[in-house]
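Engineer: One file: query00.txt (compact mmCIF, C-alpha atoms).
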```txt
# COMPACT_ATOMS: atom_id res chain seq x y z
CA MET A 7 10.16 -35.51 12.21
CA ASN A 8 6.41 -35.00 12.18
CA LYS A 9 6.71 -32.80 15.22
CA LEU A 10 9.22 -30.66 13.35
CA ILE A 11 6.87 -30.23 10.38
CA LEU A 12 3.95 -29.42 12.65
CA SER A 13 5.88 -26.81 14.62
CA ASN A 14 6.94 -25.16 11.37
CA ILE A 15 3.37 -25.08 10.08
CA ILE A 16 2.22 -23.50 13.34
CA ARG A 17 5.07 -21.00 13.15
CA PHE A 18 4.04 -20.11 9.59
CA PHE A 19 0.49 -19.22 10.60
CA ALA A 20 1.57 -17.44 13.79
CA VAL A 21 4.13 -15.28 11.98
CA MET A 22 1.73 -14.59 9.10
CA LEU A 23 -1.10 -13.47 11.36
CA LEU A 24 1.29 -11.26 13.33
CA GLN A 25 2.50 -9.73 10.08
CA VAL A 26 -0.85 -8.98 8.46
CA LEU A 27 -2.83 -8.08 11.58
CA VAL A 28 -0.25 -6.21 13.66
CA PHE A 29 3.05 -5.38 11.98
CA ASN A 30 1.58 -4.13 8.69
CA TYR A 31 -0.03 -1.31 10.66
CA LEU A 32 2.79 -0.50 13.04
CA ASN A 33 4.05 2.55 11.08
CA LEU A 34 7.05 3.10 13.36
CA PHE A 35 8.35 6.67 12.90
CA GLY A 36 5.60 7.09 10.35
CA PHE A 37 6.58 4.58 7.72
CA ILE A 38 8.37 1.48 9.06
CA ASN A 39 6.42 -1.78 9.12
CA PRO A 40 8.90 -4.54 10.04
CA PHE A 41 8.77 -7.71 7.93
CA VAL A 42 8.68 -10.21 10.81
CA TYR A 43 7.37 -12.96 8.52
CA LEU A 44 11.00 -13.53 7.52
CA LEU A 45 11.41 -15.36 10.82
CA PHE A 46 9.61 -18.32 9.27
CA ILE A 47 12.15 -18.64 6.45
CA LEU A 48 15.09 -18.01 8.79
CA LEU A 49 14.05 -20.71 11.26
CA LEU A 50 13.29 -23.49 8.76
CA PRO A 51 15.33 -26.58 9.71
CA PHE A 52 18.75 -27.19 8.14
CA GLU A 53 17.48 -30.41 6.57
CA THR A 54 14.96 -28.59 4.36
CA PRO A 55 15.83 -29.46 0.75
CA ALA A 56 16.77 -26.46 -1.42
CA TRP A 57 13.80 -26.84 -3.79
CA LEU A 58 11.33 -26.94 -0.91
CA LEU A 59 12.99 -23.91 0.63
CA LEU A 60 12.49 -21.95 -2.60
CA ILE A 61 8.86 -22.96 -2.91
CA LEU A 62 8.12 -22.15 0.72
CA ALA A 63 9.87 -18.79 0.43
CA PHE A 64 7.88 -17.94 -2.70
CA PHE A 65 4.62 -18.98 -1.09
CA THR A 66 5.33 -16.96 2.08
CA GLY A 67 6.22 -13.89 0.07
CA ILE A 68 3.23 -14.05 -2.27
CA SER A 69 0.89 -14.47 0.72
CA VAL A 70 2.19 -11.22 2.21
CA ASP A 71 1.88 -9.56 -1.21
CA MET A 72 -1.79 -10.53 -1.32
CA PHE A 73 -2.42 -8.55 1.83
CA VAL A 74 -0.54 -5.40 0.93
CA ASN A 75 -1.31 -5.38 -2.82
CA THR A 76 2.31 -5.16 -3.89
CA GLY A 77 2.09 -7.65 -6.77
CA GLY A 78 5.09 -9.97 -6.34
CA ILE A 79 7.61 -7.77 -4.55
CA HIS A 80 7.69 -9.71 -1.29
CA ALA A 81 7.72 -12.99 -3.22
CA ALA A 82 10.78 -11.89 -5.21
CA ALA A 83 12.62 -10.73 -2.08
CA SER A 84 11.80 -13.79 0.04
CA LEU A 85 12.80 -16.01 -2.85
CA ALA A 86 16.20 -14.33 -2.95
CA VAL A 87 16.56 -14.94 0.79
CA GLY A 88 15.59 -18.59 0.27
CA PHE A 89 18.14 -18.93 -2.52
CA ALA A 90 20.90 -17.20 -0.55
CA ARG A 91 20.24 -19.18 2.64
CA PRO A 92 22.18 -22.38 1.84
CA ILE A 93 25.13 -20.30 0.56
CA LEU A 94 25.02 -18.15 3.68
CA LEU A 95 24.85 -21.17 5.97
CA ARG A 96 27.85 -22.76 4.26
CA THR A 97 29.97 -19.62 4.71
CA LEU A 98 28.88 -18.88 8.26
CA VAL A 99 29.27 -22.31 9.80
CA SER A 100 32.38 -23.35 7.92
CA LYS A 101 34.44 -23.45 11.13
CA ARG A 102 32.10 -25.75 12.99
CA GLU A 103 30.77 -29.13 12.07
CA PHE A 104 27.04 -29.68 12.03
CA GLU A 105 25.62 -32.00 14.62
CA THR A 106 22.41 -33.73 13.67
CA GLY A 107 19.19 -32.28 15.04
CA ILE A 108 20.65 -28.81 15.38
CA LYS A 109 18.35 -25.87 14.58
CA PRO A 110 19.20 -22.49 13.01
CA GLY A 111 18.48 -20.46 16.13
CA VAL A 112 20.12 -18.75 19.05
CA ALA A 113 19.62 -21.76 21.29
CA ASP A 114 21.97 -24.02 19.31
CA LEU A 115 24.38 -21.67 17.58
CA GLY A 116 24.61 -18.58 19.76
CA TRP A 117 23.85 -14.89 19.39
CA LYS A 118 26.84 -13.94 17.27
CA TRP A 119 26.02 -16.54 14.65
CA PHE A 120 22.32 -15.67 14.62
CA LEU A 121 22.95 -11.92 14.37
CA SER A 122 25.12 -12.24 11.26
CA TYR A 123 22.84 -14.87 9.69
CA ALA A 124 19.62 -12.90 10.28
CA GLY A 125 21.27 -9.53 9.63
CA ILE A 126 22.53 -10.42 6.16
CA SER A 127 19.26 -12.12 5.13
CA ILE A 128 17.12 -9.23 6.36
CA LEU A 129 19.28 -6.59 4.69
CA LEU A 130 19.13 -8.46 1.37
CA HIS A 131 15.37 -8.76 1.69
CA SER A 132 14.75 -5.09 2.58
CA LEU A 133 16.96 -3.81 -0.23
CA ILE A 134 15.14 -5.93 -2.82
CA VAL A 135 11.69 -4.94 -1.54
CA PHE A 136 12.44 -1.21 -1.59
CA TYR A 137 14.31 -1.05 -4.90
CA LEU A 138 11.73 -3.22 -6.66
CA ASP A 139 8.99 -1.05 -5.23
CA PHE A 140 10.48 2.13 -6.65
CA LEU A 141 11.62 0.34 -9.85
CA SER A 142 14.07 3.12 -10.63
CA PHE A 143 17.22 4.38 -9.00
CA ALA A 144 16.12 7.98 -9.33
CA SER A 145 16.02 8.47 -5.59
CA PHE A 146 18.81 6.01 -4.85
CA PHE A 147 19.78 7.36 -1.44
CA THR A 148 16.28 7.96 -0.12
CA THR A 149 15.40 4.39 -1.00
CA PHE A 150 18.63 3.13 0.54
CA ARG A 151 17.95 4.98 3.77
CA GLN A 152 14.42 3.60 3.92
CA ALA A 153 15.64 0.06 3.26
CA LEU A 154 18.29 0.36 5.99
CA SER A 155 15.87 1.63 8.62
CA GLN A 156 13.38 -1.06 7.61
CA ALA A 157 16.08 -3.74 7.93
CA ALA A 158 17.16 -2.44 11.34
CA ALA A 159 13.59 -2.50 12.67
CA THR A 160 12.99 -5.98 11.27
CA LEU A 161 16.21 -7.27 12.85
CA PHE A 162 15.24 -5.73 16.18
CA PHE A 163 11.86 -7.49 16.27
CA ILE A 164 13.21 -10.81 15.03
CA ILE A 165 15.88 -10.77 17.73
CA LEU A 166 13.24 -9.81 20.27
CA PHE A 167 11.19 -12.88 19.25
CA GLU A 168 14.23 -15.15 19.49
CA PHE A 169 15.01 -13.70 22.90
CA LEU A 170 11.47 -14.34 24.16
CA ALA A 171 11.45 -17.86 22.74
CA ASN A 172 14.71 -18.65 24.56
CA ILE A 173 13.58 -17.26 27.89
CA ARG A 174 10.66 -19.64 27.79
CA LYS A 175 12.91 -22.63 27.19
CA ARG A 176 15.18 -21.99 30.15
CA MET B 1 22.50 -34.87 -24.83
CA ARG B 2 23.35 -36.84 -21.72
CA ASN B 3 25.80 -34.18 -20.65
CA LEU B 4 23.16 -31.54 -21.12
CA LEU B 5 20.77 -33.48 -18.90
CA ILE B 6 23.44 -33.88 -16.23
CA PHE B 7 24.19 -30.18 -16.45
CA LEU B 8 20.50 -29.23 -16.15
CA ARG B 9 20.21 -31.56 -13.19
CA ARG B 10 23.12 -29.90 -11.51
CA ILE B 11 21.69 -26.40 -11.87
CA ARG B 12 18.08 -27.41 -11.19
CA ILE B 13 17.91 -25.31 -8.02
CA LEU B 14 19.14 -22.25 -9.88
CA LEU B 15 16.57 -22.92 -12.62
CA LEU B 16 13.74 -23.23 -10.10
CA PHE B 17 14.91 -20.01 -8.45
CA LEU B 18 15.00 -18.15 -11.76
CA PHE B 19 11.61 -19.49 -12.80
CA LEU B 20 9.92 -18.41 -9.56
CA GLU B 21 11.75 -15.08 -9.54
CA ILE B 22 10.59 -14.29 -13.07
CA LEU B 23 7.06 -15.27 -12.07
CA ALA B 24 7.21 -12.87 -9.11
CA LEU B 25 8.54 -10.05 -11.29
CA LEU B 26 5.87 -10.65 -13.94
CA VAL B 27 3.18 -10.43 -11.29
CA THR B 28 4.73 -7.20 -10.00
CA VAL B 29 4.90 -5.57 -13.41
CA ASN B 30 1.47 -6.67 -14.63
CA LYS B 31 -0.23 -5.92 -11.35
CA SER B 32 -3.43 -4.49 -12.79
CA THR B 33 -4.00 -7.47 -15.09
CA TYR B 34 -3.35 -9.74 -12.16
CA HIS B 35 -5.82 -7.82 -9.99
CA ASN B 36 -8.51 -8.55 -12.54
CA ALA B 37 -7.91 -12.29 -12.55
CA ALA B 38 -10.75 -14.37 -11.16
CA PHE B 39 -8.60 -16.11 -8.56
CA TYR B 40 -7.44 -12.77 -7.22
CA GLN B 41 -11.04 -11.82 -6.53
CA PHE B 42 -11.39 -15.02 -4.56
CA PHE B 43 -8.27 -14.20 -2.51
CA MET B 44 -9.50 -10.69 -1.95
CA GLU B 45 -12.69 -11.98 -0.35
CA ILE B 46 -10.72 -14.30 1.96
CA ASN B 47 -7.98 -11.78 2.82
CA SER B 48 -10.54 -9.10 3.53
CA SER B 49 -12.43 -11.29 5.94
CA ILE B 50 -9.17 -11.89 7.86
CA LEU B 51 -8.31 -8.20 7.80
CA LEU B 52 -11.77 -7.37 9.11
CA VAL B 53 -10.63 -8.76 12.49
CA HIS B 54 -7.93 -6.12 12.66
CA SER B 55 -10.13 -3.25 11.55
CA ASP B 56 -12.85 -4.21 14.04
CA VAL B 57 -10.40 -4.04 16.92
CA VAL B 58 -8.70 -0.85 15.76
CA SER B 59 -11.92 0.99 14.95
CA PHE B 60 -13.20 0.24 18.44
CA PHE B 61 -10.23 2.02 19.98
CA ASN B 62 -10.52 4.90 17.51
CA LEU B 63 -14.21 5.54 18.16
CA ARG B 64 -13.66 8.74 20.11
CA GLU B 65 -11.43 10.29 17.46
CA GLU B 66 -13.73 9.11 14.69
CA ASN B 67 -16.73 10.70 16.43
CA GLU B 68 -14.85 13.96 16.69
CA LYS B 69 -14.16 13.96 12.95
CA LEU B 70 -17.77 13.23 12.08
CA VAL B 71 -19.04 15.91 14.46
CA GLN B 72 -16.76 18.45 12.78
CA GLU B 73 -18.03 17.44 9.38
CA ASN B 74 -21.63 17.62 10.58
CA LEU B 75 -21.04 21.16 11.77
CA GLN B 76 -19.69 22.16 8.38
CA LEU B 77 -22.64 20.59 6.60
CA ARG B 78 -25.11 22.15 9.01
CA ALA B 79 -23.64 25.54 8.20
CA ARG B 80 -24.66 24.98 4.60
CA LEU B 81 -28.29 24.17 5.43
CA LYS B 82 -30.94 26.46 4.05
CA SER B 83 -32.02 27.36 7.59
CA SER B 84 -28.53 28.68 8.26
CA TYR B 85 -28.99 31.43 5.67
CA ILE B 86 -31.17 34.52 5.82
CA ILE B 87 -32.82 35.95 2.75
CA SER B 88 -31.15 39.29 2.14
CA ASP B 89 -32.88 40.37 -1.04
CA GLN B 90 -36.58 39.77 -1.56
CA ARG B 91 -36.32 40.34 -5.31
CA GLU B 92 -34.35 37.14 -5.72
CA PHE B 93 -36.14 34.21 -7.26
CA THR B 94 -36.65 31.02 -5.36
CA VAL B 95 -34.59 28.36 -7.08
CA ASN B 96 -36.68 25.90 -8.96
CA ASP B 97 -35.45 22.41 -8.24
CA THR B 98 -35.82 21.26 -11.82
CA LEU B 99 -32.94 23.54 -12.72
CA TYR B 100 -30.62 21.46 -10.61
CA ARG B 101 -29.90 17.88 -11.31
CA GLN B 102 -28.10 15.78 -8.78
CA GLU B 103 -24.67 14.96 -10.15
CA PHE B 104 -22.96 13.14 -7.31
CA GLU B 105 -24.20 10.47 -4.96
CA TYR B 106 -22.35 9.41 -1.81
CA MET B 107 -21.98 6.12 0.02
CA SER B 108 -20.05 5.54 3.21
CA ALA B 109 -17.60 2.67 3.70
CA ASN B 110 -14.94 1.57 6.15
CA ALA B 111 -11.28 1.13 5.28
CA ILE B 112 -10.35 -2.35 6.49
CA ASN B 113 -6.80 -2.39 5.14
CA TYR B 114 -4.36 0.18 3.89
CA THR B 115 -0.65 0.66 3.34
CA ILE B 116 1.40 3.86 3.30
CA ASN B 117 5.01 2.72 3.13
CA TYR B 118 5.22 1.52 -0.48
CA ARG B 119 5.52 3.54 -3.68
CA ASN B 120 2.13 2.29 -4.86
CA ASN B 121 -0.34 2.03 -2.02
CA TYR B 122 -3.83 0.57 -1.90
CA LEU B 123 -6.81 0.48 0.44
CA THR B 124 -9.43 -2.21 0.88
CA LEU B 125 -12.97 -1.02 1.66
CA ASP B 126 -15.85 -3.10 2.97
CA LYS B 127 -18.21 -2.35 0.05
CA GLY B 128 -18.30 -4.19 -3.28
CA PHE B 129 -20.45 -4.56 -6.38
CA ASN B 130 -23.24 -6.06 -4.28
CA GLN B 131 -23.48 -2.61 -2.70
CA GLY B 132 -23.29 -0.81 -6.03
CA ILE B 133 -19.61 0.08 -6.17
CA GLU B 134 -18.04 0.30 -9.61
CA GLU B 135 -14.51 0.76 -10.90
CA GLY B 136 -13.37 4.36 -11.29
CA MET B 137 -15.41 5.84 -8.46
CA GLY B 138 -13.74 8.48 -6.29
CA VAL B 139 -13.10 7.99 -2.58
CA TYR B 140 -12.59 10.69 0.06
CA SER B 141 -12.46 10.88 3.85
CA PRO B 142 -13.94 13.62 6.04
CA GLU B 143 -10.55 15.37 5.80
CA GLY B 144 -9.84 15.11 2.10
CA VAL B 145 -9.29 13.16 -1.12
CA VAL B 146 -8.25 9.51 -0.68
CA GLY B 147 -8.21 7.70 -4.04
CA VAL B 148 -10.00 5.94 -6.90
CA VAL B 149 -11.65 2.49 -6.92
CA GLU B 150 -9.55 0.14 -9.02
CA HIS B 151 -11.09 -3.27 -8.60
CA VAL B 152 -14.35 -4.60 -7.18
CA SER B 153 -15.20 -8.01 -5.71
CA PRO B 154 -18.67 -9.00 -4.43
CA ASN B 155 -18.31 -7.46 -0.97
CA TYR B 156 -15.04 -5.54 -1.04
CA CYS B 157 -13.25 -3.10 -3.27
CA LEU B 158 -9.62 -2.25 -3.84
CA VAL B 159 -8.85 1.46 -3.98
CA LYS B 160 -5.78 3.00 -5.58
CA SER B 161 -4.70 5.46 -2.94
CA PHE B 162 -3.56 9.00 -3.79
CA LEU B 163 -0.21 7.60 -2.59
CA HIS B 164 0.17 5.72 -5.90
CA SER B 165 2.30 6.60 -8.92
CA ASP B 166 -0.67 6.26 -11.35
CA VAL B 167 -2.98 8.63 -9.51
CA SER B 168 -3.03 12.35 -10.28
CA ILE B 169 -5.74 14.74 -9.18
CA SER B 170 -6.85 17.91 -10.92
CA THR B 171 -6.45 20.55 -8.21
CA GLN B 172 -7.29 24.23 -7.80
CA VAL B 173 -5.89 26.73 -5.36
CA LYS B 174 -8.83 28.01 -3.32
CA ASN B 175 -10.14 31.42 -4.50
CA LYS B 176 -7.36 31.75 -7.08
CA GLY B 177 -9.06 30.05 -10.01
CA THR B 178 -5.93 28.31 -11.23
CA ILE B 179 -5.71 24.61 -11.96
CA GLY B 180 -2.82 22.20 -11.57
CA THR B 181 -2.12 18.50 -11.16
CA SER B 182 -1.37 16.89 -7.81
CA VAL B 183 0.81 13.79 -7.60
CA TRP B 184 2.58 11.95 -4.83
CA ASP B 185 6.38 11.81 -5.10
CA GLY B 186 6.73 8.67 -3.00
CA ILE B 187 8.86 10.06 -0.18
CA ASN B 188 6.65 11.03 2.75
CA TYR B 189 3.02 10.04 3.09
CA ASN B 190 2.18 13.43 4.58
CA TYR B 191 3.38 15.48 1.61
CA ALA B 192 2.72 15.61 -2.15
CA ILE B 193 3.48 17.87 -5.11
CA LEU B 194 1.26 20.23 -7.13
CA ASN B 195 2.56 20.99 -10.65
CA ASP B 196 1.53 23.26 -13.52
CA VAL B 197 0.56 26.36 -11.56
CA PRO B 198 1.76 29.34 -13.66
CA LEU B 199 4.11 31.87 -12.05
CA HIS B 200 1.75 34.86 -12.37
CA VAL B 201 -0.71 33.36 -9.90
CA LYS B 202 -0.08 34.65 -6.39
CA VAL B 203 0.03 31.60 -4.13
CA LYS B 204 1.31 31.61 -0.58
CA VAL B 205 2.21 29.05 2.07
CA GLY B 206 -0.89 27.89 3.92
CA ASP B 207 -3.32 28.24 0.99
CA THR B 208 -5.91 25.48 0.70
CA LEU B 209 -5.92 23.17 -2.32
CA LEU B 210 -9.27 21.77 -3.47
CA THR B 211 -10.40 19.39 -6.20
CA SER B 212 -11.24 21.26 -9.40
CA SER B 213 -14.38 21.12 -11.51
CA TYR B 214 -12.44 19.47 -14.37
CA SER B 215 -12.60 16.03 -12.81
CA SER B 216 -15.49 13.70 -13.49
CA ILE B 217 -14.49 11.56 -10.49
CA PHE B 218 -14.55 14.12 -7.68
CA PRO B 219 -17.01 16.94 -7.13
CA GLU B 220 -15.49 20.40 -6.95
CA GLY B 221 -14.22 21.61 -3.58
CA ILE B 222 -13.02 18.55 -1.68
CA PRO B 223 -9.81 19.40 0.23
CA VAL B 224 -6.61 17.97 -1.28
CA GLY B 225 -4.02 19.66 0.90
CA TYR B 226 -2.45 22.80 2.35
CA ILE B 227 0.56 24.48 0.73
CA ALA B 228 3.77 23.92 2.69
CA ASP B 229 6.54 25.05 0.37
CA ILE B 230 6.74 26.87 -2.98
CA SER B 231 9.53 26.76 -5.59
CA THR B 232 9.81 27.20 -9.35
CA ASP B 233 10.38 24.21 -11.63
CA ALA B 234 13.29 23.62 -14.00
CA THR B 235 11.64 25.40 -16.95
CA ARG B 236 11.00 28.49 -14.78
CA ALA B 237 7.48 28.74 -16.17
CA PHE B 238 5.56 27.02 -13.41
CA TYR B 239 5.59 26.63 -9.67
CA THR B 240 6.38 23.32 -8.02
CA ILE B 241 4.31 23.40 -4.86
CA ARG B 242 4.85 20.98 -2.00
CA PHE B 243 1.78 20.55 0.15
CA ARG B 244 0.63 18.71 3.24
CA ILE B 245 -1.97 16.12 2.23
CA ALA B 246 -5.37 16.83 3.76
CA ALA B 247 -6.41 13.20 4.33
CA ASP B 248 -4.69 11.40 7.20
CA PHE B 249 -3.49 8.27 5.41
CA GLY B 250 -1.90 6.90 8.55
CA ASN B 251 -5.28 6.69 10.24
CA LEU B 252 -8.13 6.03 7.84
CA SER B 253 -11.46 4.65 8.94
CA THR B 254 -14.72 6.06 7.58
CA VAL B 255 -14.54 7.11 3.94
CA TYR B 256 -17.10 8.14 1.31
CA ILE B 257 -17.41 6.68 -2.15
CA ILE B 258 -18.66 9.03 -4.86
CA ARG B 259 -20.84 7.99 -7.78
CA ASN B 260 -21.03 10.47 -10.62
CA LEU B 261 -24.57 10.12 -11.95
CA ILE B 262 -23.84 11.79 -15.28
CA LYS B 263 -20.39 10.35 -15.88
CA ASP B 264 -21.60 8.01 -18.62
CA GLU B 265 -23.24 10.89 -20.42
CA LEU B 266 -20.07 12.98 -20.15
CA GLU B 267 -17.88 10.19 -21.40
CA GLU B 268 -20.17 9.51 -24.35
CA LEU B 269 -20.15 13.18 -25.24
CA GLU B 270 -16.38 13.39 -25.05
CA LYS B 271 -16.02 10.27 -27.16
CA MET B 272 -17.97 11.94 -29.98
CA LYS B 273 -15.34 14.64 -30.17
CA ASN B 274 -12.81 12.09 -31.38
CA GLN B 275 -15.02 10.64 -34.12
CA PRO B 276 -14.39 11.94 -37.64
CA ASP B 277 -17.10 14.05 -39.25
CA GLU B 278 -19.35 12.34 -41.73
```
What does the file become when written as structure tokens?
Structural biologist:
Amino acid sequence: MNKLILSNIIRFFAVMLLQVLVFNYLNLFGFINPFVYLLFILLLPFETPAWLLLILAFFTGISVDMFVNTGGIHAAASLAVGFARPILLRTLVSKREFETGIKPGVADLGWKWFLSYAGISILLHSLIVFYLDFLSFASFFTTFRQALSQAAATLFFIILFEFLANIRKR
Amino acid sequence: MRNLLIFLRRIRILLLFLFLEILALLVTVNKSTYHNAAFYQFFMEINSSILLVHSDVVSFFNLREENEKLVQENLQLRARLKSSYIISDQREFTVNDTLYRQEFEYMSANAINYTINYRNNYLTLDKGFNQGIEEGMGVYSPEGVVGVVEHVSPNYCLVKSFLHSDVSISTQVKNKGTIGTSVWDGINYNYAILNDVPLHVKVKVGDTLLTSSYSSIFPEGIPVGYIADISTDATRAFYTIRFRIAADFGNLSTVYIIRNLIKDELEELEKMKNQPDE
């Protein structure tokens, strides 16, 4: 159990440093900076109690906000992901029974499961970040397009990280 | 009462979620108040020292490009030196220095953090009130206007970028003597909009836009952008001009902070205008 907590703490700092020192400056195609810090929330163990999940999500989001001066936009979006996560997990794994000690990653549940799980969470997060940022629906479609491309880039990098992590294990 | 407690217990996760979500939204909406909070200043010092790692690495790799920019600027400044001019008319008076009073003072700083992909973007610079920076000072890069200082901590300052919905810059079209207001529309960080230029002024694509003399933040003549596209607005009385922003927001490093030495005097004078006569 302690090992699990420690590995999550290390993952938090690793993902955070990557986000604020590298990915916030990536500017893919001019404006896309993937939100890879979501990986931390996505990979939290299944046993995490719901209240802790919310607090961790809020804390992660507000830390990113501090670095990009966006007030509480990332906090609000990560919080929504944290809130949606248990609901999402219940719907996605309804066919299979949980074994104990299983982790929400590709290694235990396969690519198809991880793609839909990460995809839905990331899309939700990107949409909230972009619409909150513009705070009006005046340019609804421009914002939507930006959110979609942002979500796609984020998903790409998160899958890339999962892929690399799994190569190492084999 | 007991039922109520049971009910509250059942929805406690939802309540926690709503509480934190409202907190996040409050922070988003009252961002400027939040930026002035003491704890934020503390975070800014810590964050900035982490971000310094990034800017040190990046600025090392950008040295060549940065040198090029500074050389170009040096050439422009050298062209303005007294020794670059010849005296064409001996009857002209030599200018007595007491006639001129220095209005603007410049300090250089490095951008250690910036964003471009939000609606309201900020920069962090490595100078703070220990180095004499104050709120409301203008910031520009060798290429053009960058933004206005919003908040100062001991060693760093937070700058509202031109790519921010609250920032508008009084702009003139070079050699046309007309004044408009430049704002960013939030779509592409390379382009912004100039409003309020009347239709009778002859502007054309490619014209240079400069800061006007109406601003007490920026001296006159700093590049703002270059006209890319011209159309008329809905009232058909003014142009709506789309222009390419002069400053390269995707690659900021050395910037200058401007102190207006007579700003206080100006503000005091303009305040008197609003006071009723005795």
Engineer: Which neighbours of Ile46 in chain B fall inside 12 Å, counting all atoms listed in the file, when residues of the same chain fewer than 4 positions from it are skipped, and could you give them as number ranges by chain?
Structural biologist: A: 69, 72-73; B: 39-42, 50-53, 153-156
Engineer: Would you list which chain B residues are within 6 Å of chain A using all atoms listed in the file, as a list in words?
Structural biologist: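 Filtering chain B at 6 Å from chain A with all atoms listed in the file gives Glu21, Ala24, Val27, Thr28, Lys31, His54, Asn117 and Arg119 of chain B.
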Engineer: Find the smallest box with edges along x, y and z containing every listed atom of range 61-78 of chain A, then add 5 Å on each side and report centre and edge lengths in Å to one decimal, as AutoDock Vina command-line options.
Structural biologist:
```
--center_x 3.7 --center_y -14.1 --center_z -2.3 --size_x 22.3 --size_y 27.8 --size_z 19.0
```
Engineer: Which neighbours of range 127-141 of chain B fall inside 6 Å, counting all atoms listed in the file, when residues of the same chain fewer than 4 positions from it are skipped, and could you give them as a list of chain:residue names?
Structural biologist: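 Close residues of range 127-141 of chain B: B:Val145, B:Val146, B:Gly147, B:Val148, B:Val149, B:Glu150, B:His151, B:Val152, B:Ser153, B:Pro154, B:Asn155, B:Tyr156, B:Cys157, B:Ile217, B:Phe218, B:Val255, B:Tyr256, B:Ile257, B:Ile258, B:Arg259.
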Engineer: Compile the contact shell of Arg17 in chain A as a list of chain:residue names: residues with an atom at most 10 Å away, counting only C-alpha atoms, same-chain residues fewer than 5 positions apart removed.
Structural biologist: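 Within the cut-off, the hits are A:Ile11, A:Leu12, A:Met22, A:Leu23, A:Tyr43, A:Leu45, A:Phe46, A:Leu49, A:Leu50.
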Engineer: At what distance in Å, to one decimal, does CA of Tyr118 in chain B lie from CA of Phe146 in chain A?
Structural biologist: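 Interatomic distance here is 15.0 Å.
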Engineer: In Å, with one decimal, what is the gap from CA of Ile165 in chain A to CA of Gly111 in chain A?
Structural biologist: 10.2 Å
Engineer: Distance CA of His164 in chain B-CA of Trp184 in chain B, one decimal place?
Structural biologist: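 CA of Trp184 in chain B lies 6.8 Å from CA of His164 in chain B.
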